[in-house]
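Undergrad: Provided herewith: target18.csv, CSV, C-alpha atoms.
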```
chain,number,residue,atom,x,y,z
H,1,MET,CA,101.6,80.5,98.8
H,2,ALA,CA,99.8,83.8,97.9
H,3,GLN,CA,101.0,85.3,94.6
H,4,LEU,CA,102.9,88.5,94.6
H,5,ILE,CA,101.6,90.3,91.5
H,6,LYS,CA,103.0,93.7,92.1
H,7,LEU,CA,105.8,95.0,94.3
H,8,GLN,CA,106.3,98.8,94.6
H,9,ASP,CA,106.8,100.1,91.0
H,10,TYR,CA,108.7,97.0,89.8
H,11,VAL,CA,107.9,95.4,86.5
H,12,SER,CA,105.7,92.3,86.8
H,13,ARG,CA,104.9,89.6,84.3
H,14,TYR,CA,101.4,89.4,85.9
H,15,ALA,CA,100.7,92.8,84.3
H,16,GLN,CA,101.4,91.3,80.9
H,17,ASP,CA,98.7,88.7,81.2
H,18,ILE,CA,96.8,88.3,84.5
H,19,TYR,CA,94.6,85.6,83.0
H,20,LEU,CA,97.7,83.4,82.3
H,21,TYR,CA,100.3,83.7,85.1
H,22,PRO,CA,98.3,82.9,88.3
H,23,SER,CA,97.3,79.4,87.2
H,24,ARG,CA,100.8,78.9,85.5
H,25,TYR,CA,102.4,79.7,88.9
H,26,VAL,CA,100.2,77.1,90.7
H,27,ARG,CA,101.1,74.4,88.1
H,28,LEU,CA,104.8,75.1,88.2
H,29,LYS,CA,104.8,75.2,92.0
H,30,LYS,CA,103.1,71.9,92.2
H,31,LYS,CA,105.5,70.3,89.7
H,32,GLN,CA,108.5,71.6,91.7
H,33,TRP,CA,107.1,70.4,95.0
H,34,GLU,CA,106.4,66.9,93.7
H,35,GLY,CA,109.9,66.7,92.3
H,36,LEU,CA,111.5,67.8,95.6
H,37,LYS,CA,109.3,65.5,97.7
H,38,GLU,CA,110.1,62.5,95.4
H,39,LYS,CA,113.8,63.1,95.8
H,40,TRP,CA,113.5,63.5,99.5
H,41,GLU,CA,111.6,60.2,99.8
H,42,THR,CA,113.8,58.2,97.5
H,43,GLY,CA,117.2,59.4,98.8
H,44,PRO,CA,120.2,61.5,97.6
H,45,VAL,CA,119.7,63.4,94.4
H,46,GLU,CA,122.0,62.8,91.4
H,47,SER,CA,121.8,66.1,89.8
H,48,PHE,CA,119.4,69.0,89.3
H,49,GLN,CA,119.4,68.4,85.5
H,50,ASN,CA,118.1,64.8,86.1
H,51,VAL,CA,115.3,66.2,88.3
H,52,MET,CA,114.2,68.6,85.6
H,53,GLU,CA,114.4,66.0,82.9
H,54,GLN,CA,112.3,63.6,84.9
H,55,GLN,CA,109.7,66.3,85.2
H,56,GLY,CA,109.8,66.9,81.5
H,57,ASP,CA,111.6,70.2,81.6
H,58,LYS,CA,114.6,70.2,79.3
H,59,GLN,CA,115.8,73.7,79.2
H,60,PRO,CA,116.5,75.4,75.9
H,61,SER,CA,120.1,76.3,75.4
H,62,THR,CA,119.5,80.0,74.5
H,63,LEU,CA,117.1,82.7,75.2
H,64,PHE,CA,116.0,82.8,71.6
H,65,GLN,CA,115.3,79.1,71.6
H,66,LYS,CA,113.0,79.7,74.6
H,67,LEU,CA,111.1,82.2,72.5
H,68,LYS,CA,110.0,79.5,70.1
H,69,HIS,CA,107.9,78.0,72.9
H,70,ILE,CA,106.0,81.2,73.7
H,71,VAL,CA,102.4,81.1,72.6
H,72,ARG,CA,100.2,83.7,74.2
H,73,GLN,CA,96.8,82.8,75.5
H,74,PRO,CA,93.7,84.9,74.7
H,75,GLU,CA,92.3,86.8,77.6
H,76,GLU,CA,88.6,86.1,77.0
H,77,GLN,CA,88.1,83.7,79.9
H,78,GLN,CA,84.7,84.4,81.3
H,79,SER,CA,83.8,81.4,83.4
H,80,ASP,CA,84.1,80.9,87.1
H,81,PRO,CA,86.3,79.3,88.3
H,82,VAL,CA,89.1,80.3,85.9
H,83,GLN,CA,90.4,77.4,84.0
H,84,GLU,CA,93.8,77.5,82.2
H,85,HIS,CA,94.7,75.8,78.9
H,86,THR,CA,98.3,76.8,78.9
H,87,PRO,CA,100.8,76.2,76.2
H,88,VAL,CA,104.5,75.6,77.0
H,89,SER,CA,106.4,78.9,77.4
H,90,ALA,CA,109.8,80.2,78.4
H,91,ASP,CA,108.4,80.5,82.0
H,92,ASP,CA,108.0,76.7,82.1
H,93,GLN,CA,111.7,76.3,81.3
H,94,GLU,CA,113.0,78.2,84.3
H,95,PRO,CA,113.2,76.3,87.7
H,96,PHE,CA,111.3,77.7,90.6
H,97,MET,CA,114.2,77.2,93.0
H,98,ASP,CA,118.0,77.3,93.0
H,99,PRO,CA,119.3,73.9,91.9
H,100,ARG,CA,121.3,73.6,95.1
H,101,SER,CA,117.9,73.4,97.0
H,102,PHE,CA,117.6,69.8,95.7
H,103,HIS,CA,121.1,69.0,97.2
H,104,SER,CA,120.4,70.3,100.7
H,105,ILE,CA,117.5,68.1,101.8
H,106,SER,CA,119.3,65.0,103.1
H,107,HIS,CA,119.3,66.4,106.6
H,108,ILE,CA,115.5,67.1,106.6
H,109,LYS,CA,113.7,64.7,108.9
H,110,THR,CA,110.0,65.4,108.5
H,111,GLU,CA,107.6,66.4,105.7
H,112,ASP,CA,106.6,69.6,107.5
H,113,ALA,CA,110.3,70.6,107.7
H,114,LEU,CA,110.6,69.9,103.9
H,115,LYS,CA,107.5,72.1,103.3
H,116,LYS,CA,109.2,74.9,105.2
H,117,HIS,CA,112.4,74.4,103.2
H,118,PHE,CA,110.4,74.5,100.0
H,119,LEU,CA,108.5,77.7,100.9
H,120,ASP,CA,111.8,79.5,102.0
H,121,GLU,CA,113.4,78.5,98.7
H,122,LEU,CA,110.4,79.6,96.7
H,123,PHE,CA,110.3,83.1,98.2
H,124,PRO,CA,113.2,84.5,96.0
H,125,PHE,CA,111.4,83.1,92.9
H,126,GLN,CA,108.3,85.0,93.9
H,127,LEU,CA,110.3,88.2,94.1
H,128,LYS,CA,111.7,87.4,90.7
H,129,TRP,CA,108.3,87.0,89.1
H,130,ALA,CA,107.2,90.3,90.7
H,131,SER,CA,110.3,92.2,89.3
H,132,SER,CA,111.0,90.8,85.9
H,133,THR,CA,109.6,89.7,82.5
H,134,LEU,CA,111.3,88.0,79.6
H,135,THR,CA,112.7,91.3,78.3
H,136,GLU,CA,112.8,93.7,81.3
H,137,ARG,CA,113.8,93.7,85.0
H,138,SER,CA,113.6,95.9,88.0
H,139,PHE,CA,116.2,96.0,90.8
H,140,VAL,CA,114.7,94.7,94.1
H,141,ALA,CA,115.7,96.6,97.2
H,142,LYS,CA,117.3,94.4,99.8
H,143,GLU,CA,114.7,95.3,102.4
H,144,TYR,CA,112.1,93.2,100.5
H,145,THR,CA,114.3,90.1,100.4
H,146,LYS,CA,114.2,90.1,104.3
H,147,ASP,CA,110.7,91.7,104.8
H,148,PRO,CA,109.0,89.5,107.4
H,149,THR,CA,105.5,90.8,106.7
H,150,LEU,CA,105.8,90.2,103.0
H,151,LYS,CA,107.2,86.7,103.6
H,152,PHE,CA,104.4,86.0,106.1
H,153,LEU,CA,101.7,87.0,103.6
H,154,LEU,CA,103.1,85.0,100.7
H,155,GLN,CA,103.9,81.8,102.7
H,156,ARG,CA,100.8,81.6,104.8
H,157,PHE,CA,97.9,82.4,102.5
H,158,PRO,CA,96.4,80.2,99.6
H,159,ASP,CA,97.7,80.3,96.0
H,160,THR,CA,94.5,82.0,95.0
H,161,PHE,CA,95.2,85.1,96.9
H,162,LEU,CA,96.9,87.9,94.9
H,163,VAL,CA,99.1,90.5,96.6
H,164,LEU,CA,99.9,94.0,95.6
H,165,TYR,CA,102.6,95.1,98.2
H,166,LYS,CA,102.9,98.8,98.6
H,167,PRO,CA,102.1,99.5,94.9
H,168,ILE,CA,102.7,102.9,93.4
H,169,PHE,CA,99.7,104.1,91.3
H,170,LEU,CA,100.1,106.6,88.6
H,171,LEU,CA,97.0,108.8,88.8
H,172,LYS,CA,96.7,112.0,86.8
H,173,LYS,CA,100.4,111.7,86.1
H,174,ALA,CA,101.2,111.8,89.8
H,175,PRO,CA,102.7,108.8,91.7
H,176,VAL,CA,100.7,107.7,94.8
H,177,GLU,CA,102.0,105.0,97.1
H,178,ALA,CA,99.3,102.7,98.5
H,179,GLU,CA,99.1,100.2,101.3
H,180,LEU,CA,99.0,96.5,100.9
H,181,ILE,CA,96.1,95.2,98.7
H,182,LEU,CA,95.1,91.6,99.0
H,183,ILE,CA,92.7,90.3,96.3
H,184,THR,CA,90.9,87.2,97.3
H,185,PRO,CA,88.2,85.3,95.2
H,186,ALA,CA,85.6,87.1,97.4
H,187,SER,CA,86.9,90.6,98.0
H,188,ALA,CA,89.7,93.1,97.7
H,189,ILE,CA,91.2,93.9,101.1
H,190,CYS,CA,93.2,97.1,101.8
H,191,ILE,CA,95.5,96.4,104.8
H,192,SER,CA,97.8,98.5,107.0
H,193,PHE,CA,100.0,96.8,109.5
H,194,ILE,CA,101.1,98.7,112.7
H,195,GLU,CA,103.9,96.6,114.2
H,196,ALA,CA,105.8,97.5,117.4
H,197,GLU,CA,107.0,95.9,120.6
H,198,GLU,CA,104.9,93.0,122.1
H,199,ASP,CA,101.7,94.2,123.8
H,200,ALA,CA,102.1,97.8,122.6
H,201,VAL,CA,98.8,99.8,122.7
H,202,PHE,CA,97.9,102.2,119.9
H,203,VAL,CA,95.5,104.9,121.0
H,204,GLY,CA,93.6,106.1,118.0
H,205,SER,CA,91.7,109.3,117.1
H,206,LYS,CA,90.7,111.4,114.1
H,207,GLU,CA,93.8,113.5,114.6
H,208,ARG,CA,96.9,113.4,112.4
H,209,PHE,CA,98.9,111.5,115.1
H,210,TRP,CA,98.1,108.5,117.3
H,211,THR,CA,99.9,107.6,120.5
H,212,LYS,CA,101.8,104.4,120.9
H,213,LYS,CA,102.1,103.2,124.5
H,214,THR,CA,104.6,100.6,125.7
H,215,LYS,CA,105.6,99.5,129.2
H,216,ASP,CA,107.9,102.5,129.8
H,217,ARG,CA,107.2,105.2,127.2
H,218,GLU,CA,104.8,106.9,124.9
H,219,THR,CA,105.5,108.1,121.4
H,220,LYS,CA,103.6,109.7,118.5
H,221,ILE,CA,103.0,107.8,115.2
H,222,LEU,CA,101.3,109.0,112.1
H,223,ASN,CA,97.6,108.1,111.9
H,224,PRO,CA,97.7,104.8,109.9
H,225,LEU,CA,94.1,105.4,108.7
H,226,ILE,CA,95.2,108.2,106.5
H,227,ALA,CA,97.1,106.0,104.1
H,228,LEU,CA,94.6,103.2,104.5
H,229,ASN,CA,91.7,105.5,103.5
H,230,ARG,CA,93.6,106.8,100.5
H,231,THR,CA,94.3,103.2,99.4
H,232,GLU,CA,90.6,102.3,99.7
H,233,LYS,CA,89.5,105.4,97.7
H,234,ILE,CA,91.9,104.5,94.9
H,235,VAL,CA,90.7,100.9,94.7
H,236,LYS,CA,87.0,101.8,94.8
H,237,THR,CA,87.5,104.5,92.1
H,238,LEU,CA,89.3,102.2,89.7
H,239,PHE,CA,86.8,99.4,90.3
H,240,ASP,CA,83.9,101.8,89.6
H,241,MET,CA,85.6,103.1,86.4
H,242,ASP,CA,85.8,99.6,84.9
H,243,GLY,CA,82.7,97.9,86.3
H,244,VAL,CA,84.5,95.6,88.7
H,245,GLU,CA,81.9,94.1,91.1
H,246,LEU,CA,84.1,93.0,94.0
H,247,PRO,CA,83.6,94.2,97.6
H,248,VAL,CA,86.3,96.4,99.1
H,249,GLN,CA,87.3,95.9,102.7
H,250,LYS,CA,89.6,98.0,104.9
H,251,LEU,CA,91.6,96.4,107.7
H,252,LEU,CA,94.1,97.8,110.3
H,253,ILE,CA,96.1,95.0,111.8
H,254,SER,CA,98.4,94.8,114.8
H,255,ARG,CA,99.5,91.2,115.3
H,256,SER,CA,101.4,91.8,118.5
H,257,GLY,CA,99.6,94.7,120.1
H,258,PHE,CA,96.2,96.3,120.8
H,259,ILE,CA,94.2,99.2,119.3
H,260,ASP,CA,92.3,101.5,121.7
H,261,TYR,CA,89.8,103.5,119.7
H,262,PRO,CA,86.6,104.1,121.7
H,263,MET,CA,84.5,105.6,118.9
H,264,ARG,CA,85.8,103.4,116.0
H,265,PRO,CA,85.2,104.9,112.6
H,266,TYR,CA,82.7,103.3,110.2
H,267,GLY,CA,83.9,101.0,107.5
H,268,VAL,CA,87.2,99.9,108.9
H,269,GLN,CA,87.9,96.6,110.8
H,270,PHE,CA,90.5,96.5,113.6
H,271,ILE,CA,92.4,93.2,113.9
H,272,GLU,CA,94.6,93.1,117.0
H,273,LYS,CA,96.6,90.5,119.0
H,274,ARG,CA,93.5,88.9,120.6
H,275,SER,CA,91.5,88.5,117.3
H,276,PHE,CA,94.3,88.1,114.7
H,277,GLU,CA,94.5,84.3,114.9
H,278,ASP,CA,90.7,83.8,114.3
H,279,TRP,CA,90.7,86.3,111.4
H,280,PHE,CA,93.8,84.7,109.9
H,281,MET,CA,92.6,81.1,110.1
H,282,SER,CA,89.2,82.1,108.6
H,283,LEU,CA,90.9,83.7,105.6
H,284,ARG,CA,93.5,80.9,105.3
H,285,GLY,CA,90.7,78.3,105.2
H,286,MET,CA,89.1,79.9,102.1
H,287,LYS,CA,89.0,77.1,99.4
H,288,SER,CA,87.5,79.0,96.6
H,289,PRO,CA,89.4,78.8,93.2
H,290,LEU,CA,90.5,81.9,91.2
H,291,LYS,CA,87.5,83.8,89.9
H,292,HIS,CA,87.2,85.8,86.7
H,293,MET,CA,86.0,89.0,88.6
H,294,GLN,CA,89.0,88.6,90.9
H,295,LEU,CA,91.4,88.6,87.9
H,296,LYS,CA,89.6,91.5,86.3
H,297,ALA,CA,90.0,93.4,89.5
H,298,ALA,CA,93.8,92.7,89.5
H,299,GLN,CA,94.1,93.7,85.9
H,300,VAL,CA,92.4,97.0,86.5
H,301,LEU,CA,94.7,97.9,89.4
H,302,LEU,CA,97.8,96.7,87.5
H,303,GLN,CA,96.9,99.0,84.6
H,304,PHE,CA,97.2,102.0,86.8
H,305,CYS,CA,100.4,101.0,88.6
H,306,GLN,CA,103.7,102.8,87.8
H,307,THR,CA,106.5,100.7,86.5
H,308,THR,CA,110.2,101.4,86.6
H,309,SER,CA,112.5,98.9,84.8
H,310,VAL,CA,115.4,98.4,82.4
H,311,ARG,CA,115.9,96.1,79.5
H,312,ARG,CA,117.6,92.8,80.4
H,313,LEU,CA,121.2,92.6,79.3
H,314,GLU,CA,120.7,89.7,76.9
H,315,TRP,CA,118.1,91.8,75.0
H,316,GLU,CA,120.3,94.9,74.9
H,317,ASN,CA,122.9,92.8,73.0
H,318,SER,CA,120.5,90.7,71.0
H,319,PRO,CA,120.4,90.5,67.2
H,320,GLY,CA,118.0,93.0,65.7
H,321,ASP,CA,118.8,95.8,68.0
H,322,GLY,CA,121.2,97.2,65.5
H,323,GLN,CA,124.3,96.2,67.4
```
Please render this file's structure as structure tokens.
TA:
Amino acid sequence: MAQLIKLQDYVSRYAQDIYLYPSRYVRLKKKQWEGLKEKWETGPVESFQNVMEQQGDKQPSTLFQKLKHIVRQPEEQQSDPVQEHTPVSADDQEPFMDPRSFHSISHIKTEDALKKHFLDELFPFQLKWASSTLTERSFVAKEYTKDPTLKFLLQRFPDTFLVLYKPIFLLKKAPVEAELILITPASAICISFIEAEEDAVFVGSKERFWTKKTKDRETKILNPLIALNRTEKIVKTLFDMDGVELPVQKLLISRSGFIDYPMRPYGVQFIEKRSFEDWFMSLRGMKSPLKHMQLKAAQVLLQFCQTTSVRRLEWENSPGDGQ
């Protein structure tokens, strides 16, 4: 599963230490999958606590006991691929999935079905990591918990792909909403999706509005390249400022329709219904591990993202706050 490192303007633990959390996520995900698969193969589960104890995760009884386990890792990792030597932390103590997920697998007949169950149960955890830290949290809009495009991206791409989903950048004290940014080990890809009815045709031009044609009607839509070009400009500018040497690509995608643009503009690739599967499989097949330059690129972008959050309740009432 791709990793959601930024969602809108929500607080993200990846922004605290981009060199630590991506590989920690991969390790915890692998541990949880192995535990779930073992229980599915061996029969009914006794209790979630037993599962976690067998995996070596005995949860501390209080938040402040969790803090005793936190040891930060220095950020000077310069080698490719990125290797992690991660100490135990409070993140290791929280399960990836709702405990009830371990009790709802007896009806699953195949390993493929089990994998789908695992990915579906993991999705809420990804939203949690992209909207909370140990001390702060943001309130996730319901639309993202059911967003099919976001779920598709996270569930179908490799763990080494980092996703900024509609991030809000703070540039010259002004918030600017961007399109999707996918950071792979090889490039940063700015993506706009134009989704409509099956076999819809989008007639493009340099004008402010495009035409969307379906079987029985025509409607105007805002030129999607406007936001896409803005996103590319932001990414390239920030990369240039910090010496990030990572190619930046620009894609306009219609998974169920077609794009009709006779004189296609330079520098943007159109991916439509007839070419989507080939593009998707080529990207999905990328086996490269996390790279240092990839993480540096993510760090640079996260530094300029706006964050809106509140302190978590347990910290508001914690000793030392003068309460």
Undergrad: Residues near H:Ser275, anyone? I mean within 12 Å using only C-alpha atoms, not counting same-chain ones fewer than 6 positions away, as a PDB file with C-alpha atoms, keeping the file's coordinate frame.
TA:
```pdb
ATOM      1  CA  LEU H 252      94.100  97.800 110.300  1.00  0.00           C
ATOM      2  CA  ILE H 253      96.100  95.000 111.800  1.00  0.00           C
ATOM      3  CA  SER H 254      98.400  94.800 114.800  1.00  0.00           C
ATOM      4  CA  ARG H 255      99.500  91.200 115.300  1.00  0.00           C
ATOM      5  CA  SER H 256     101.400  91.800 118.500  1.00  0.00           C
ATOM      6  CA  GLY H 257      99.600  94.700 120.100  1.00  0.00           C
ATOM      7  CA  PHE H 258      96.200  96.300 120.800  1.00  0.00           C
ATOM      8  CA  ILE H 259      94.200  99.200 119.300  1.00  0.00           C
ATOM      9  CA  GLN H 269      87.900  96.600 110.800  1.00  0.00           C
ATOM     10  CA  MET H 281      92.600  81.100 110.100  1.00  0.00           C
ATOM     11  CA  SER H 282      89.200  82.100 108.600  1.00  0.00           C
TER      12      SER H 282
END
```
Undergrad: Can you measure atom CA of H:Leu171 to atom CA of H:Val248 for me? One decimal in Å is fine.
TA: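 The value is 19.3 Å.
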Undergrad: Could you jot down the atom CA of H:Val176 to atom CA of H:Leu302 separation for me, Å, one decimal place?
TA: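 Interatomic distance here is 13.5 Å.
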Undergrad: When distances are computed from only C-alpha atoms, which of H:Asp159, H:Asp17, H:Glu272, H:Glu177 shows the smallest separation from H:Ala2?
TA: H:Asp159
Undergrad: Name all residues at most 12 Å from H:Pro148 (count all atoms listed in the file; drop same-chain ones fewer than 6 positions away) and give them as a ChimeraX atom specification.
TA: /H:120,123,154-156,193,195
Undergrad: Fewer than 3 positions away in the same chain doesn't count, so skip those; otherwise give me all residues within 8 Å of H:Ala15, counting all atoms listed in the file, as an MDAnalysis selection string.
TA: chainID H and resid 5 11:12 18 299 302:303
Undergrad: Could you work out how far atom CA of H:Glu121 lies from atom CA of H:Lys39, giving the answer in Å with one decimal?
TA: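 Going from atom CA of H:Lys39 over to atom CA of H:Glu121 covers 15.7 Å.
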Undergrad: Neighbours of H:Leu153 within 12 Å (only C-alpha atoms; same-chain residues fewer than 4 positions away dropped), as a PDB file with C-alpha atoms, in the coordinates of the input?
TA:
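Here's the written file around15.pdb:
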```pdb
ATOM      1  CA  MET H   1     101.600  80.500  98.800  1.00  0.00           C
ATOM      2  CA  ALA H   2      99.800  83.800  97.900  1.00  0.00           C
ATOM      3  CA  GLN H   3     101.000  85.300  94.600  1.00  0.00           C
ATOM      4  CA  LEU H   4     102.900  88.500  94.600  1.00  0.00           C
ATOM      5  CA  LEU H 119     108.500  77.700 100.900  1.00  0.00           C
ATOM      6  CA  PHE H 123     110.300  83.100  98.200  1.00  0.00           C
ATOM      7  CA  GLN H 126     108.300  85.000  93.900  1.00  0.00           C
ATOM      8  CA  ASP H 147     110.700  91.700 104.800  1.00  0.00           C
ATOM      9  CA  PRO H 148     109.000  89.500 107.400  1.00  0.00           C
ATOM     10  CA  THR H 149     105.500  90.800 106.700  1.00  0.00           C
ATOM     11  CA  PHE H 157      97.900  82.400 102.500  1.00  0.00           C
ATOM     12  CA  PRO H 158      96.400  80.200  99.600  1.00  0.00           C
ATOM     13  CA  ASP H 159      97.700  80.300  96.000  1.00  0.00           C
ATOM     14  CA  PHE H 161      95.200  85.100  96.900  1.00  0.00           C
ATOM     15  CA  LEU H 162      96.900  87.900  94.900  1.00  0.00           C
ATOM     16  CA  VAL H 163      99.100  90.500  96.600  1.00  0.00           C
ATOM     17  CA  LEU H 164      99.900  94.000  95.600  1.00  0.00           C
ATOM     18  CA  TYR H 165     102.600  95.100  98.200  1.00  0.00           C
ATOM     19  CA  LEU H 180      99.000  96.500 100.900  1.00  0.00           C
ATOM     20  CA  ILE H 181      96.100  95.200  98.700  1.00  0.00           C
ATOM     21  CA  LEU H 182      95.100  91.600  99.000  1.00  0.00           C
ATOM     22  CA  ILE H 191      95.500  96.400 104.800  1.00  0.00           C
ATOM     23  CA  PHE H 193     100.000  96.800 109.500  1.00  0.00           C
ATOM     24  CA  PHE H 280      93.800  84.700 109.900  1.00  0.00           C
ATOM     25  CA  LEU H 283      90.900  83.700 105.600  1.00  0.00           C
ATOM     26  CA  ARG H 284      93.500  80.900 105.300  1.00  0.00           C
TER      27      ARG H 284
END
```
